Each structure stands twice: as structure tokens, then as C-alpha cells.
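The file start37.cif comes next; it holds mmCIF, C-alpha atoms.
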```cif
data_run
loop_
_atom_site.label_atom_id
_atom_site.label_comp_id
_atom_site.auth_asym_id
_atom_site.auth_seq_id
_atom_site.Cartn_x
_atom_site.Cartn_y
_atom_site.Cartn_z
CA MET S 12 150.82 -57.41 -172.59
CA LYS S 13 151.33 -56.76 -176.34
CA ILE S 14 151.18 -60.49 -177.08
CA LEU S 15 147.90 -60.75 -175.15
CA LYS S 16 146.55 -57.68 -176.92
CA ASN S 17 147.31 -59.05 -180.42
CA LEU S 18 145.93 -62.45 -179.45
CA ALA S 19 142.75 -60.82 -178.15
CA ILE S 20 142.30 -58.88 -181.38
CA THR S 21 142.77 -62.03 -183.50
CA VAL S 22 140.35 -64.07 -181.40
CA PHE S 23 137.84 -61.19 -181.47
CA VAL S 24 137.74 -60.93 -185.26
CA PHE S 25 137.44 -64.63 -185.98
CA ALA S 26 135.09 -65.42 -183.10
CA VAL S 27 132.50 -62.86 -184.22
CA SER S 28 132.79 -64.07 -187.82
CA ASN S 29 132.30 -67.73 -186.90
CA THR S 30 129.46 -66.96 -184.50
CA TYR S 31 127.20 -65.49 -187.16
CA SER S 32 128.32 -67.25 -190.33
CA GLN S 33 126.20 -70.29 -189.51
CA THR S 34 123.07 -68.46 -188.37
CA THR S 35 122.52 -66.24 -191.37
CA ASP S 36 123.45 -68.39 -194.39
CA THR S 37 120.44 -67.95 -196.68
CA LEU S 38 119.70 -67.87 -200.35
CA ILE S 39 120.22 -64.47 -201.94
CA THR S 40 117.57 -63.10 -204.24
CA ASN S 41 119.73 -62.73 -207.33
CA LYS S 42 117.45 -62.56 -210.36
CA LYS S 43 118.12 -65.48 -212.66
CA ASP S 44 118.95 -64.54 -216.28
CA ALA S 45 118.82 -60.83 -215.43
CA ILE S 46 121.56 -58.41 -216.48
CA ASN S 47 124.60 -58.29 -214.17
CA LEU S 48 125.75 -54.68 -213.92
CA TYR S 49 129.10 -53.40 -212.65
CA VAL S 50 129.00 -49.66 -211.88
CA ASP S 51 132.42 -48.04 -212.20
CA CYS S 52 131.94 -44.79 -210.29
CA ASP S 53 133.58 -43.88 -206.98
CA TRP S 54 131.37 -40.89 -206.21
CA CYS S 55 127.96 -42.21 -207.32
CA ASP S 56 125.21 -43.08 -204.85
CA ILE S 57 125.05 -46.73 -205.90
CA GLU S 58 122.87 -47.61 -202.94
CA HIS S 59 120.23 -45.30 -204.34
CA PHE S 60 120.61 -46.92 -207.78
CA LYS S 61 119.78 -50.26 -206.19
CA THR S 62 116.54 -48.94 -204.70
CA GLN S 63 115.39 -47.32 -207.95
CA ILE S 64 116.43 -49.89 -210.58
CA THR S 65 115.56 -53.31 -209.22
CA ILE S 66 115.23 -55.24 -212.47
CA ILE S 67 118.94 -56.12 -212.64
CA ASN S 68 121.70 -57.68 -210.53
CA TYR S 69 124.51 -55.50 -209.16
CA VAL S 70 127.92 -57.16 -208.99
CA ARG S 71 131.17 -56.09 -207.33
CA ASP S 72 133.58 -57.36 -209.97
CA ARG S 73 133.77 -56.50 -213.66
CA LYS S 74 134.55 -60.14 -214.47
CA ASN S 75 131.10 -61.16 -213.23
CA ALA S 76 129.29 -58.48 -215.23
CA ASP S 77 127.28 -58.49 -218.44
CA VAL S 78 127.49 -54.71 -218.62
CA HIS S 79 130.31 -52.47 -217.43
CA LEU S 80 128.94 -48.99 -216.77
CA ILE S 81 131.58 -46.25 -216.56
CA ILE S 82 130.33 -42.88 -215.31
CA THR S 83 132.52 -39.78 -215.54
CA GLU S 84 131.88 -36.07 -215.14
CA MET S 85 133.45 -32.85 -216.37
CA GLN S 86 132.73 -29.19 -215.87
CA THR S 87 130.96 -27.30 -218.67
CA GLY S 88 131.60 -23.76 -219.78
CA SER S 89 128.65 -22.45 -217.76
CA GLY S 90 129.91 -24.01 -214.53
CA GLY S 91 127.52 -26.94 -214.74
CA THR S 92 128.43 -30.59 -215.18
CA GLU S 93 128.44 -32.90 -218.17
CA TYR S 94 128.04 -36.60 -217.42
CA ASN S 95 129.30 -39.37 -219.66
CA MET S 96 127.90 -42.89 -219.30
CA GLN S 97 129.57 -45.71 -221.22
CA PHE S 98 127.61 -48.96 -221.37
CA ILE S 99 130.11 -51.65 -222.38
CA GLY S 100 128.71 -55.10 -223.10
CA LEU S 101 130.70 -58.11 -221.92
CA GLY S 102 130.50 -61.81 -222.70
CA LYS S 103 127.51 -62.58 -224.90
CA TYR S 104 126.78 -58.84 -225.03
CA LYS S 105 130.26 -57.84 -226.20
CA ASN S 106 128.94 -56.44 -229.50
CA LEU S 107 126.46 -54.20 -227.72
CA THR S 108 127.95 -50.87 -226.59
CA ASP S 109 126.53 -47.39 -226.15
CA THR S 110 127.43 -43.97 -224.71
CA LEU S 111 125.00 -41.45 -223.28
CA LYS S 112 125.80 -37.85 -222.38
CA PHE S 113 123.75 -35.28 -220.55
CA ALA S 114 124.41 -32.00 -218.78
CA LEU S 115 123.03 -30.35 -215.66
CA PRO S 116 123.08 -26.60 -214.99
CA PRO S 117 125.08 -24.97 -212.18
CA ASN S 118 123.80 -25.38 -208.62
CA SER S 119 121.88 -28.56 -209.37
CA THR S 120 121.01 -30.36 -206.14
CA ASP S 121 122.04 -33.91 -205.25
CA GLU S 122 118.48 -35.09 -205.83
CA GLU S 123 118.37 -33.57 -209.32
CA GLU S 124 121.69 -35.21 -210.10
CA ARG S 125 120.57 -38.63 -208.87
CA ASN S 126 117.25 -38.45 -210.74
CA ALA S 127 119.04 -37.59 -213.98
CA GLN S 128 121.50 -40.45 -213.48
CA ILE S 129 118.70 -42.94 -212.84
CA LYS S 130 116.82 -41.75 -215.94
CA HIS S 131 119.81 -42.21 -218.25
CA ILE S 132 120.92 -45.51 -216.73
CA LYS S 133 117.46 -46.89 -217.49
CA LYS S 134 117.77 -45.68 -221.07
CA GLY S 135 121.22 -47.19 -221.52
CA LEU S 136 120.28 -50.56 -220.03
CA THR S 137 117.12 -50.99 -222.13
CA PRO S 138 118.85 -52.61 -225.17
CA PHE S 139 120.49 -55.17 -222.87
CA ILE S 140 117.34 -55.93 -220.89
CA LEU S 141 115.36 -56.44 -224.12
CA LYS S 142 117.54 -59.54 -224.74
CA THR S 143 116.55 -61.13 -221.41
CA PRO S 144 113.35 -62.73 -220.08
CA TYR S 145 112.74 -59.42 -218.30
CA ALA S 146 112.01 -57.66 -221.59
CA ASN S 147 108.28 -57.71 -220.88
CA LYS S 148 108.90 -55.46 -217.88
CA VAL S 149 110.29 -52.64 -220.01
CA GLN S 150 107.73 -49.86 -220.27
CA ILE S 151 107.92 -46.08 -220.11
CA SER S 152 109.39 -46.68 -216.64
CA PHE S 153 110.74 -49.86 -215.12
CA ALA S 154 108.18 -51.95 -213.26
CA ASN S 155 109.08 -53.38 -209.86
CA GLU S 156 109.58 -57.09 -210.26
CA ASP S 157 107.33 -59.49 -208.39
CA ASN S 158 109.65 -61.02 -205.80
CA ASN S 159 107.24 -63.91 -205.23
CA LYS S 160 107.62 -65.11 -208.81
CA GLU S 161 111.38 -64.63 -209.08
CA GLU S 162 113.67 -67.54 -209.61
CA ILE S 163 116.52 -67.33 -207.16
CA VAL S 164 119.99 -68.80 -207.45
CA GLU S 165 122.35 -69.73 -204.65
CA ASP S 166 125.33 -67.52 -203.90
CA LYS S 167 128.25 -69.77 -202.95
CA TRP S 168 129.70 -66.97 -200.81
CA LYS S 169 126.41 -66.55 -198.92
CA SER S 170 126.75 -62.75 -199.30
CA TRP S 171 130.04 -62.64 -197.36
CA VAL S 172 132.53 -60.09 -198.67
CA THR S 173 136.11 -59.69 -197.44
CA GLU S 174 138.46 -56.82 -198.22
CA ILE S 175 142.13 -56.59 -197.22
CA SER S 176 144.15 -53.44 -197.81
CA THR S 177 147.45 -51.92 -196.79
CA SER S 178 149.26 -48.71 -197.61
CA GLY S 179 152.34 -46.73 -196.70
CA TYR S 180 153.41 -43.13 -196.89
CA ALA S 181 156.72 -41.35 -196.35
CA ASN S 182 158.00 -37.83 -196.75
CA GLY S 183 160.92 -35.88 -195.43
CA GLU S 184 163.69 -33.33 -195.72
CA ASP S 185 166.95 -32.56 -193.93
CA VAL S 186 165.37 -31.77 -190.56
CA TYR S 187 162.22 -33.88 -190.70
CA THR S 188 161.17 -37.39 -191.75
CA ASN S 189 157.78 -39.04 -191.45
CA TYR S 190 156.63 -42.62 -192.01
CA ASN S 191 153.05 -43.87 -191.96
CA PHE S 192 151.83 -47.44 -192.38
CA TRP S 193 148.19 -48.44 -192.41
CA SER S 194 146.40 -51.76 -192.93
CA SER S 195 142.85 -53.02 -192.59
CA VAL S 196 140.65 -56.08 -192.91
CA SER S 197 136.88 -55.91 -193.33
CA ILE S 198 134.36 -58.74 -193.42
CA SER S 199 130.71 -58.07 -194.13
CA LYS S 200 127.44 -59.69 -194.98
CA VAL S 201 124.40 -57.64 -195.97
CA THR S 202 120.94 -59.03 -196.69
CA PRO S 203 117.52 -57.33 -196.49
CA ASP S 204 117.05 -58.59 -192.91
CA ILE S 205 120.56 -58.91 -191.45
CA LYS S 206 123.74 -56.85 -191.59
CA ILE S 207 127.07 -58.04 -190.19
CA GLU S 208 130.23 -55.95 -190.35
CA ILE S 209 133.64 -56.76 -188.87
CA ASN S 210 136.54 -54.35 -189.31
CA TYR S 211 140.11 -54.21 -188.07
CA HIS S 212 142.48 -51.26 -188.62
CA ASN S 213 146.14 -50.92 -187.68
CA ASN S 214 148.17 -47.72 -187.90
CA TYR S 215 151.83 -46.95 -187.22
CA SER S 216 153.24 -43.44 -187.47
CA GLU S 217 156.82 -42.29 -186.84
CA SER S 218 158.15 -38.76 -187.09
CA ILE S 219 161.81 -37.76 -186.70
CA TYR S 220 162.84 -34.17 -185.97
CA ARG S 221 166.46 -33.04 -186.16
CA PHE S 222 167.71 -29.86 -184.45
CA ASP S 223 171.48 -29.38 -184.74
CA THR S 224 172.82 -32.24 -182.59
CA ASP S 225 169.43 -33.18 -181.08
CA THR S 226 167.04 -35.72 -182.56
CA ILE S 227 163.46 -36.25 -181.39
CA VAL S 228 161.51 -39.34 -182.41
CA SER S 229 157.70 -39.42 -182.05
CA ILE S 230 155.96 -42.79 -182.51
CA SER S 231 152.22 -43.44 -182.47
CA ARG S 232 150.48 -46.82 -182.73
CA SER S 233 146.82 -47.78 -182.77
CA ASN S 234 144.72 -50.90 -183.34
CA ILE S 235 140.97 -50.76 -183.77
CA GLY S 236 138.64 -53.73 -184.12
CA LYS S 237 134.89 -53.22 -184.54
CA ALA S 238 131.95 -55.50 -185.16
CA LEU S 239 128.21 -55.10 -185.41
CA ILE S 240 125.23 -57.26 -186.17
CA THR S 241 121.73 -55.92 -186.74
CA LYS S 242 118.46 -57.68 -187.41
CA SER S 243 115.41 -56.05 -188.95
CA ILE S 244 112.18 -56.40 -186.98
CA GLY S 245 109.92 -54.48 -189.32
CA GLU S 246 109.92 -51.39 -191.47
CA HIS S 247 110.91 -49.09 -188.59
CA TRP S 248 112.72 -51.16 -185.94
CA ALA S 249 116.06 -52.97 -185.72
CA ILE S 250 117.94 -54.73 -182.91
CA GLY S 251 121.53 -55.82 -182.67
CA ALA S 252 124.83 -55.37 -180.87
CA PHE S 253 128.18 -53.61 -181.17
CA ALA S 254 131.56 -54.91 -180.06
CA ASN S 255 134.98 -53.32 -180.27
CA ILE S 256 138.58 -53.75 -179.20
CA TYR S 257 141.04 -50.90 -179.17
CA SER S 258 144.58 -49.87 -178.28
CA SER S 259 146.31 -46.50 -178.71
CA THR S 260 149.56 -45.01 -177.46
CA PHE S 261 148.06 -41.52 -177.99
CA SER S 262 145.07 -42.26 -175.73
CA ASN S 263 147.08 -44.21 -173.09
CA ILE S 264 145.09 -47.37 -173.89
CA GLU S 265 146.91 -50.70 -173.70
CA LEU S 266 143.70 -52.63 -174.33
CA SER S 267 140.03 -51.61 -174.36
CA THR S 268 137.08 -53.90 -175.08
CA ALA S 269 133.35 -53.25 -175.10
CA ILE S 270 130.11 -55.04 -175.92
CA THR S 271 126.85 -53.08 -176.21
CA PRO S 272 123.44 -54.47 -177.21
CA ALA S 273 121.46 -51.87 -179.17
CA ILE S 274 118.02 -51.01 -180.52
CA GLU S 275 117.06 -48.49 -183.21
CA TYR S 276 113.85 -46.85 -184.37
CA ASN S 277 113.49 -45.02 -187.70
CA ILE S 278 110.48 -42.70 -187.96
CA PHE S 279 110.55 -43.17 -191.73
CA LYS S 280 110.65 -46.56 -193.40
CA TYR S 281 114.12 -48.03 -193.86
CA ALA S 282 113.23 -48.52 -197.53
CA ASP S 283 113.25 -44.71 -197.90
CA ALA S 284 116.61 -44.23 -196.17
CA THR S 285 118.41 -42.92 -199.27
CA THR S 286 116.13 -39.88 -199.34
CA LYS S 287 114.95 -39.42 -195.75
CA GLN S 288 115.66 -40.88 -192.34
CA LEU S 289 115.28 -39.97 -188.69
CA ARG S 290 116.86 -42.71 -186.57
CA PHE S 291 117.07 -43.06 -182.78
CA LEU S 292 119.82 -45.46 -181.66
CA TYR S 293 120.26 -46.58 -178.03
CA ARG S 294 123.19 -48.68 -176.77
CA VAL S 295 124.04 -49.94 -173.29
CA GLY S 296 126.88 -52.15 -172.08
CA TYR S 297 130.26 -52.55 -170.40
CA ARG S 298 133.76 -51.38 -171.30
CA PHE S 299 137.04 -52.73 -169.92
CA ASN S 300 140.16 -50.55 -170.08
CA ALA S 301 143.76 -51.46 -169.32
CA TYR S 302 146.06 -48.42 -169.37
CA ILE S 303 149.68 -47.96 -170.45
CA ASP S 304 150.39 -45.50 -167.61
CA THR S 305 148.48 -44.88 -164.39
CA THR S 306 145.62 -42.46 -165.05
CA ILE S 307 144.72 -39.22 -163.30
CA PHE S 308 142.20 -41.29 -161.31
CA ASN S 309 144.99 -43.66 -160.13
CA LYS S 310 143.72 -46.51 -162.29
CA THR S 311 145.72 -49.08 -164.24
CA LYS S 312 142.60 -50.98 -165.30
CA GLU S 313 138.84 -50.69 -164.77
CA PHE S 314 135.35 -51.78 -165.84
CA THR S 315 132.92 -49.01 -166.73
CA PRO S 316 129.20 -49.50 -167.54
CA TYR S 317 127.87 -46.88 -169.94
CA HIS S 318 125.02 -46.07 -172.30
CA TYR S 319 124.65 -44.04 -175.49
CA LEU S 320 121.82 -42.30 -177.34
CA GLY S 321 122.24 -40.99 -180.88
CA ILE S 322 119.77 -39.24 -183.19
CA ASN S 323 120.55 -39.12 -186.91
CA TYR S 324 118.62 -37.13 -189.51
CA LYS S 325 118.97 -36.93 -193.29
CA ILE S 326 116.81 -35.56 -196.08
CA VAL S 327 117.50 -35.21 -199.81
CA GLN S 328 115.10 -33.05 -201.80
CA GLN S 329 115.02 -30.94 -204.96
CA TRP S 330 116.09 -27.87 -202.96
CA GLY S 331 119.19 -29.54 -201.55
CA ASP S 332 120.17 -31.90 -198.78
CA ILE S 333 120.68 -31.71 -195.04
CA GLU S 334 122.07 -34.24 -192.61
CA GLY S 335 122.85 -34.01 -188.94
CA SER S 336 123.24 -35.92 -185.72
CA ILE S 337 123.36 -35.38 -181.99
CA TYR S 338 124.54 -37.85 -179.38
CA GLY S 339 125.18 -38.21 -175.69
CA GLN S 340 126.83 -40.87 -173.57
CA THR S 341 127.60 -41.25 -169.90
CA PHE S 342 128.99 -43.78 -167.44
CA LEU S 343 126.22 -45.45 -165.45
CA ASN S 344 128.34 -45.46 -162.28
CA ASP S 345 129.23 -41.75 -162.56
CA PHE S 346 126.87 -39.48 -164.49
CA GLU S 347 129.28 -36.55 -164.15
CA LYS S 348 131.59 -38.28 -166.61
CA ASN S 349 129.79 -37.77 -169.91
CA GLU S 350 130.12 -36.59 -173.49
CA ILE S 351 127.71 -34.83 -175.83
CA GLY S 352 128.21 -33.89 -179.45
CA ALA S 353 126.53 -32.77 -182.64
CA TYR S 354 127.16 -32.64 -186.38
CA ILE S 355 125.37 -30.80 -189.17
CA GLY S 356 126.04 -30.54 -192.87
CA GLY S 357 124.34 -29.90 -196.14
CA SER S 358 123.77 -27.73 -199.14
CA VAL S 359 120.72 -25.58 -199.80
CA ARG S 360 119.82 -23.76 -203.01
CA LEU S 361 118.57 -20.37 -201.78
CA PHE S 362 117.40 -19.20 -205.19
CA LYS S 363 118.44 -19.56 -208.80
CA GLY S 364 122.22 -19.50 -209.04
CA LEU S 365 122.91 -19.14 -205.29
CA SER S 366 123.69 -22.05 -202.99
CA PHE S 367 124.83 -22.20 -199.38
CA ASN S 368 126.74 -25.09 -197.85
CA MET S 369 127.94 -25.73 -194.32
CA TYR S 370 129.51 -28.59 -192.39
CA GLY S 371 130.48 -28.56 -188.76
CA GLY S 372 130.77 -30.54 -185.56
CA TYR S 373 131.06 -29.95 -181.83
CA SER S 374 131.66 -32.17 -178.83
CA GLN S 375 131.93 -31.52 -175.11
CA LYS S 376 133.93 -34.08 -173.16
CA ARG S 377 133.91 -34.79 -169.46
CA ASN S 378 134.82 -38.47 -169.74
CA GLN S 379 138.57 -38.51 -170.45
CA ILE S 380 139.27 -41.24 -167.88
CA SER S 381 142.36 -42.55 -169.70
CA LEU S 382 144.51 -39.40 -169.34
CA PRO S 383 147.91 -40.33 -167.82
CA LYS S 384 148.70 -39.12 -164.33
CA ALA S 385 152.27 -38.13 -165.20
CA GLU S 386 152.65 -34.54 -166.33
CA SER S 387 153.07 -34.16 -170.10
CA SER S 388 156.32 -32.67 -171.35
CA THR S 389 156.56 -29.77 -173.77
CA GLU S 390 157.64 -32.31 -176.38
CA ASP S 391 154.50 -34.40 -175.80
CA ILE S 392 152.28 -31.35 -176.18
CA LEU S 393 153.93 -29.88 -179.27
CA LEU S 394 154.23 -33.22 -181.10
CA ARG S 395 150.75 -34.42 -180.06
CA LYS S 396 152.21 -37.64 -178.67
CA LYS S 397 149.60 -37.84 -175.90
CA GLU S 398 145.98 -36.88 -175.50
CA MET S 399 145.53 -33.65 -173.58
CA ALA S 400 142.69 -32.70 -171.25
CA SER S 401 140.08 -30.69 -173.16
CA ASN S 402 136.57 -29.54 -172.31
CA TYR S 403 135.44 -29.35 -175.93
CA ASN S 404 136.47 -29.44 -179.58
CA PHE S 405 134.84 -28.17 -182.76
CA TRP S 406 135.31 -27.80 -186.49
CA VAL S 407 133.35 -25.92 -189.15
CA ASN S 408 133.48 -24.92 -192.79
CA PHE S 409 130.90 -23.05 -194.85
CA GLY S 410 130.56 -21.14 -198.09
CA LEU S 411 128.34 -19.51 -200.68
CA SER S 412 128.30 -20.26 -204.38
CA TYR S 413 126.71 -18.00 -206.99
CA THR S 414 126.69 -18.60 -210.72
CA PHE S 415 125.13 -16.46 -213.44
CA GLY S 416 125.36 -16.14 -217.21
CA SER S 417 124.67 -18.59 -219.99
CA ILE S 418 123.03 -21.85 -218.90
CA TYR S 419 123.24 -23.39 -222.38
CA ASN S 420 127.02 -23.71 -222.75
CA ASN S 421 127.27 -27.49 -222.34
CA VAL S 422 130.46 -27.81 -224.37
CA VAL S 423 133.41 -29.51 -222.68
CA ASN S 424 136.86 -28.30 -223.70
CA VAL S 425 139.82 -29.72 -221.77
CA ARG S 426 142.61 -28.10 -223.78
CA PHE S 427 145.36 -26.64 -221.57
CA ASP S 428 143.67 -27.96 -218.40
CA ASP S 429 146.14 -28.31 -215.53
#
```
Take the structure I supplied and represent it as C-alpha cells, if you would.
Amino acid sequence: MKILKNLAITVFVFAVSNTYSQTTDTLITNKKDAINLYVDCDWCDIEHFKTQITIINYVRDRKNADVHLIITEMQTGSGGTEYNMQFIGLGKYKNLTDTLKFALPPNSTDEEERNAQIKHIKKGLTPFILKTPYANKVQISFANEDNNKEEIVEDKWKSWVTEISTSGYANGEDVYTNYNFWSSVSISKVTPDIKIEINYHNNYSESIYRFDTDTIVSISRSNIGKALITKSIGEHWAIGAFANIYSSTFSNIELSTAITPAIEYNIFKYADATTKQLRFLYRVGYRFNAYIDTTIFNKTKEFTPYHYLGINYKIVQQWGDIEGSIYGQTFLNDFEKNEIGAYIGGSVRLFKGLSFNMYGGYSQKRNQISLPKAESSTEDILLRKKEMASNYNFWVNFGLSYTFGSIYNNVVNVRFDD
């Protein structure tokens, strides 16, 4: 069964990739002779940068860049944040380098932070853009380029991006040892009209407990393969499909596969998604499960038709940001087996100096059809080796932040920092 499972996963990943690689190969609207920018910032909202500064090309690798932008942040004496932007010219721009610094007061919202970043990136890029044919577009603010008059160049990769990663972790002591190994492969292609994502994740975890002369070994394995394709059909609608393949010793799943066509409607325009969105996603399809042990419903394998409805909301404003989602899914052949859940998170500035943040989630499950029939041992329960029956689960964290005092202390002093 393991050989079939691994073969199925391999065929799944490559079949989906080959299916769509031929149908969506198009020219990419890279702006010829424009600045190629590489943004070196793990926490920045680069997607928002792309929607606000459209006069340049964004590249994934520093070696393909004309400008390497490094953005760092540090806390100021007043509790605010100082940002440092280094614009490093490469290639024919190697003699052109600049550094911009600016500070924001405590309790600045995400929107205030992003607006300030955009403003200073435009300033820093101006000397570089003035040396390109796009210099005539530099005004008090950047003008949106006329896509109809752009010269486009062909991307030999046709927008396909592949990432392979692996990692390992180990820790232990006399009575306990733990090993964790994780690997993943992701393949994606994103254009204004089509998005394709294929991901595969593998995880192996082993824990060893030693009590006098007794030794307990707990092993957990999982494989997850996911794929999606979506096609834009206007400013508010999108259609597509999801597919996944899954195995997990914890969930008693030897092999699970599913294909679900989907449709989505966004009340706001997709072009505004970085600042506001209200999306309704509906999926319907079939799932096949093959189980490691016989389930509580006396099944070793089964087909289950199901559907899913999810609502996702997000808004980013000067006063803060809020995001949330609710979802529900049920089997079409047994509506009593269902699951509903919700998530909410965000940060709101109540008044000057005081902010409130909260993140939490809740789900109610009545669809645990893969639970093994055999009674779980105390060892299984304590070591979390198997999924247990549960009517619900939740998590939450929240807090208040209040800052007062000088708002003008923008000095950064890192001496004796831990």
C-alpha cells in the first residue's frame, strides 16, 4: 500500500503540472528597460508594493536585479519604529547607492506603515528611474504606465517558479529524544488571469521516552499534496478547482484523494484585495479515503461526496486592520456529518497610544469518519499518537498596548542589547 501511495503522490504532482503548463504559457508583461528591483525584506507586504509602484519590474533573485533594496527596522526610544532602506545599485548602476531612514510613532497601524514605506521607496528609486526611458513618468507621484503602449519581453520560464526545501530538527536529554524531518516541493505560476499552485509536504517525527527499563517510541508520518488552478472571469468572479492527496498515521489515513471544482465571488474588486476583500468561495466534489485501521463506522475505504462554503473578510485602514473567516462543510450523503469553524484577528487603535489586538479560532466537528475502531491506549492518548474524538476545538490570544511619553525620541541605540 505504501508503494501505491508514494506512486500516487508522484503521479499527482507531475500530472497536474503537465496538464496546465501547455494551456497557460503566455508572454509576461515585464517592462522593457525598466528597473529590476529585488526587495530584501521577509516581513514586508511586497504584494502591496506591486500594486502601488507599477513602473518597475520585481525580481525574485538579487542576481537579476538592477537595485537591491534592503529594508530593516529597529525600535526607537519612544517605542516607535525606525526604518532603514538601503538602495544598492547593481550592474550598470553599481555607482549609485543611497540610504533613507524614517521613523513612525508608537501604535502606528499597518496601513500607516505601508503608506510610509511606499512613499520612501518611490523617493529612493527616483535616481535610478531617471536613467531609464521611464524618466518622463516621474512626477510628484508615480503615474500608472499605459499597458497598451508597453514593450513586453518573453520570460523563458513562462512565470513558472519551483522551490524545494528540506530541514531537520533534533533535541534530547537522558530520558527523552526527538527527531523531526520535513521536506517540501512547490510549483507555481501566477499571472493576472491565471494562478496555478502545486505543493507537496512530507513530515516524519519520532520521539523516544525512557523510564527506568522501559522505552516508548512514538512515530508520526504525514504526506500532503495540494494543487489548485483558478481563472479570472472579471473583476469580481473566479472559477477553478482544488485537488489534494493525503496520508497521516495520526489521522488513520493510508491514502486520501479529493477533487473539487470551485467558484468564488469577491464583493470588492480583486485589484483592491491588499486593502479590502469579502470573498465567498464554494467547492463541491468527491473524496476517497483508505484507512490504516478499520474505522468506528466499520470502514476500511469509502467514497464521500461533500461541499464547502467559506467567507473571508479583510480590511486595512488607518485605524487598524481586521480579518476573519467562517466556513462550513458537510457530506452530501449524510448532512449530520459536518464541520463549521471561524477565525478572527486584527489590531485596532482605540485612541492615541492605546491599541487592542486579538486573534482566535473555533471549529465544531461532527465529521471525524477516520477515527479507528480499536480503543486507544493510555500511551496513544498521552503521546498524541492518534486523533481523538472531539466535538470542538478553539484557540485565542488577545492583548492591550498603551504607550505614552515623548513621541520625538527617534534615536536608535543598540548598545548592550541582548
Practice task
Considering all atoms listed in the file, state which residue in the set S:Asp77, S:Glu334, S:Glu58, S:Glu246 is at the smallest distance from Ala45 of chain S.
Solution key: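 Among the listed residues, the smallest separation from Ala45 of chain S belongs to S:Asp77.
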Handout entry: Nearest to Thr173 of chain S, chosen from S:Asp345, S:Ile207, S:Leu411, S:Phe367, with only C-alpha atoms counted in the distances
Key =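 Among the listed residues, the smallest separation from Thr173 of chain S belongs to S:Ile207.
Of the listed residues (S:Lys280, S:Lys376, S:Lys325, S:Lys310), S:Lys325 comes nearest to Gly356 of chain S; the distances count only C-alpha atoms.
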Completion exercise
Shortest contact to Met85 of chain S, candidates S:Ala254, S:Tyr49, S:Trp330, S:Phe113, atoms counted all atoms listed in the file, goes to S:Phe113
Give one line per residue of segment 229-290 of chain S that approaches segment 380-395 of chain S to at most 7 Å, naming the two atoms of the closest pair and their distance in Å to one decimal, counting all atoms listed in the file; sort by chain then ascending residue number and deliver it as CSV.
```
residue,atom,partner,partner_atom,distance
S:Ser262,CA,S:Ser381,CA,6.6
S:Asn263,CA,S:Ser381,CA,6.0
S:Ile264,CA,S:Ser381,CA,6.9
```
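Using all atoms listed in the file, the protein and nucleic acid residues lying no more than 12 Å from Pro138 of chain S, apart from those fewer than 3 places from it along its own chain, are Ile46, Val78, Phe98, Ile99, Gly100, Tyr104, Asn106, Leu107, Thr108, Asp109, Ile132, Lys133, Lys134, Gly135, Leu141, Lys142, Thr143, Tyr145, Ala146 and Val149 of chain S.
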Exercise for the section: To one decimal in Å, tell me the separation between atom CA of Ile230 of chain S and atom CA of Ser216 of chain S. Expected result: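 Computing it gives 5.7 Å between the two atoms.
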Practice task
Using the chain letters and numbers from the file, give me the residues hit by the PyMOL selection byres ((chain S and resi 273) around 10), as a count of residues only.
Solution key: 21
Practice task
Have a look at S:Trp171, S:Gly102, S:Leu115, S:Ile235 and name the one nearest to Ser199 of chain S; count only C-alpha atoms.
Solution key: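 Ranked by minimum distance to Ser199 of chain S, first place goes to S:Trp171.
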Exercise for the section: Name the residues that the PyMOL selection byres ((chain S and resi 185-190) around 7) pulls out of this structure, and write them as number ranges by chain. Expected result: S: 180-184, 191-192, 216-222
Problem - Selection result of the PyMOL selection byres ((chain S and resi 83) around 6) on this file, as a VMD selection string - result: chain S and resid 82 84 94 to 95
Practice task
Can you pull out every residue within 12 Å of Trp406 of chain S, counting all atoms listed in the file, but drop anything in the same chain fewer than 4 positions away, and send it as an MDAnalysis selection string?
Solution key: chainID S and resid 352:356 369:374
Write to file, as an mmCIF file, in the coordinates of the input, the residues of the selection just made, with C-alpha atoms.
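What ended up in out_28.cif:
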```cif
data_model
loop_
_atom_site.group_PDB
_atom_site.id
_atom_site.type_symbol
_atom_site.label_atom_id
_atom_site.label_comp_id
_atom_site.auth_asym_id
_atom_site.auth_seq_id
_atom_site.Cartn_x
_atom_site.Cartn_y
_atom_site.Cartn_z
ATOM 1 C CA GLY S 352 128.210 -33.890 -179.450
ATOM 2 C CA ALA S 353 126.530 -32.770 -182.640
ATOM 3 C CA TYR S 354 127.160 -32.640 -186.380
ATOM 4 C CA ILE S 355 125.370 -30.800 -189.170
ATOM 5 C CA GLY S 356 126.040 -30.540 -192.870
ATOM 6 C CA MET S 369 127.940 -25.730 -194.320
ATOM 7 C CA TYR S 370 129.510 -28.590 -192.390
ATOM 8 C CA GLY S 371 130.480 -28.560 -188.760
ATOM 9 C CA GLY S 372 130.770 -30.540 -185.560
ATOM 10 C CA TYR S 373 131.060 -29.950 -181.830
ATOM 11 C CA SER S 374 131.660 -32.170 -178.830
#
```
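When atom CA of Lys363 of chain S is paired with atom CA of Thr285 of chain S, their separation reads 25.2 Å.
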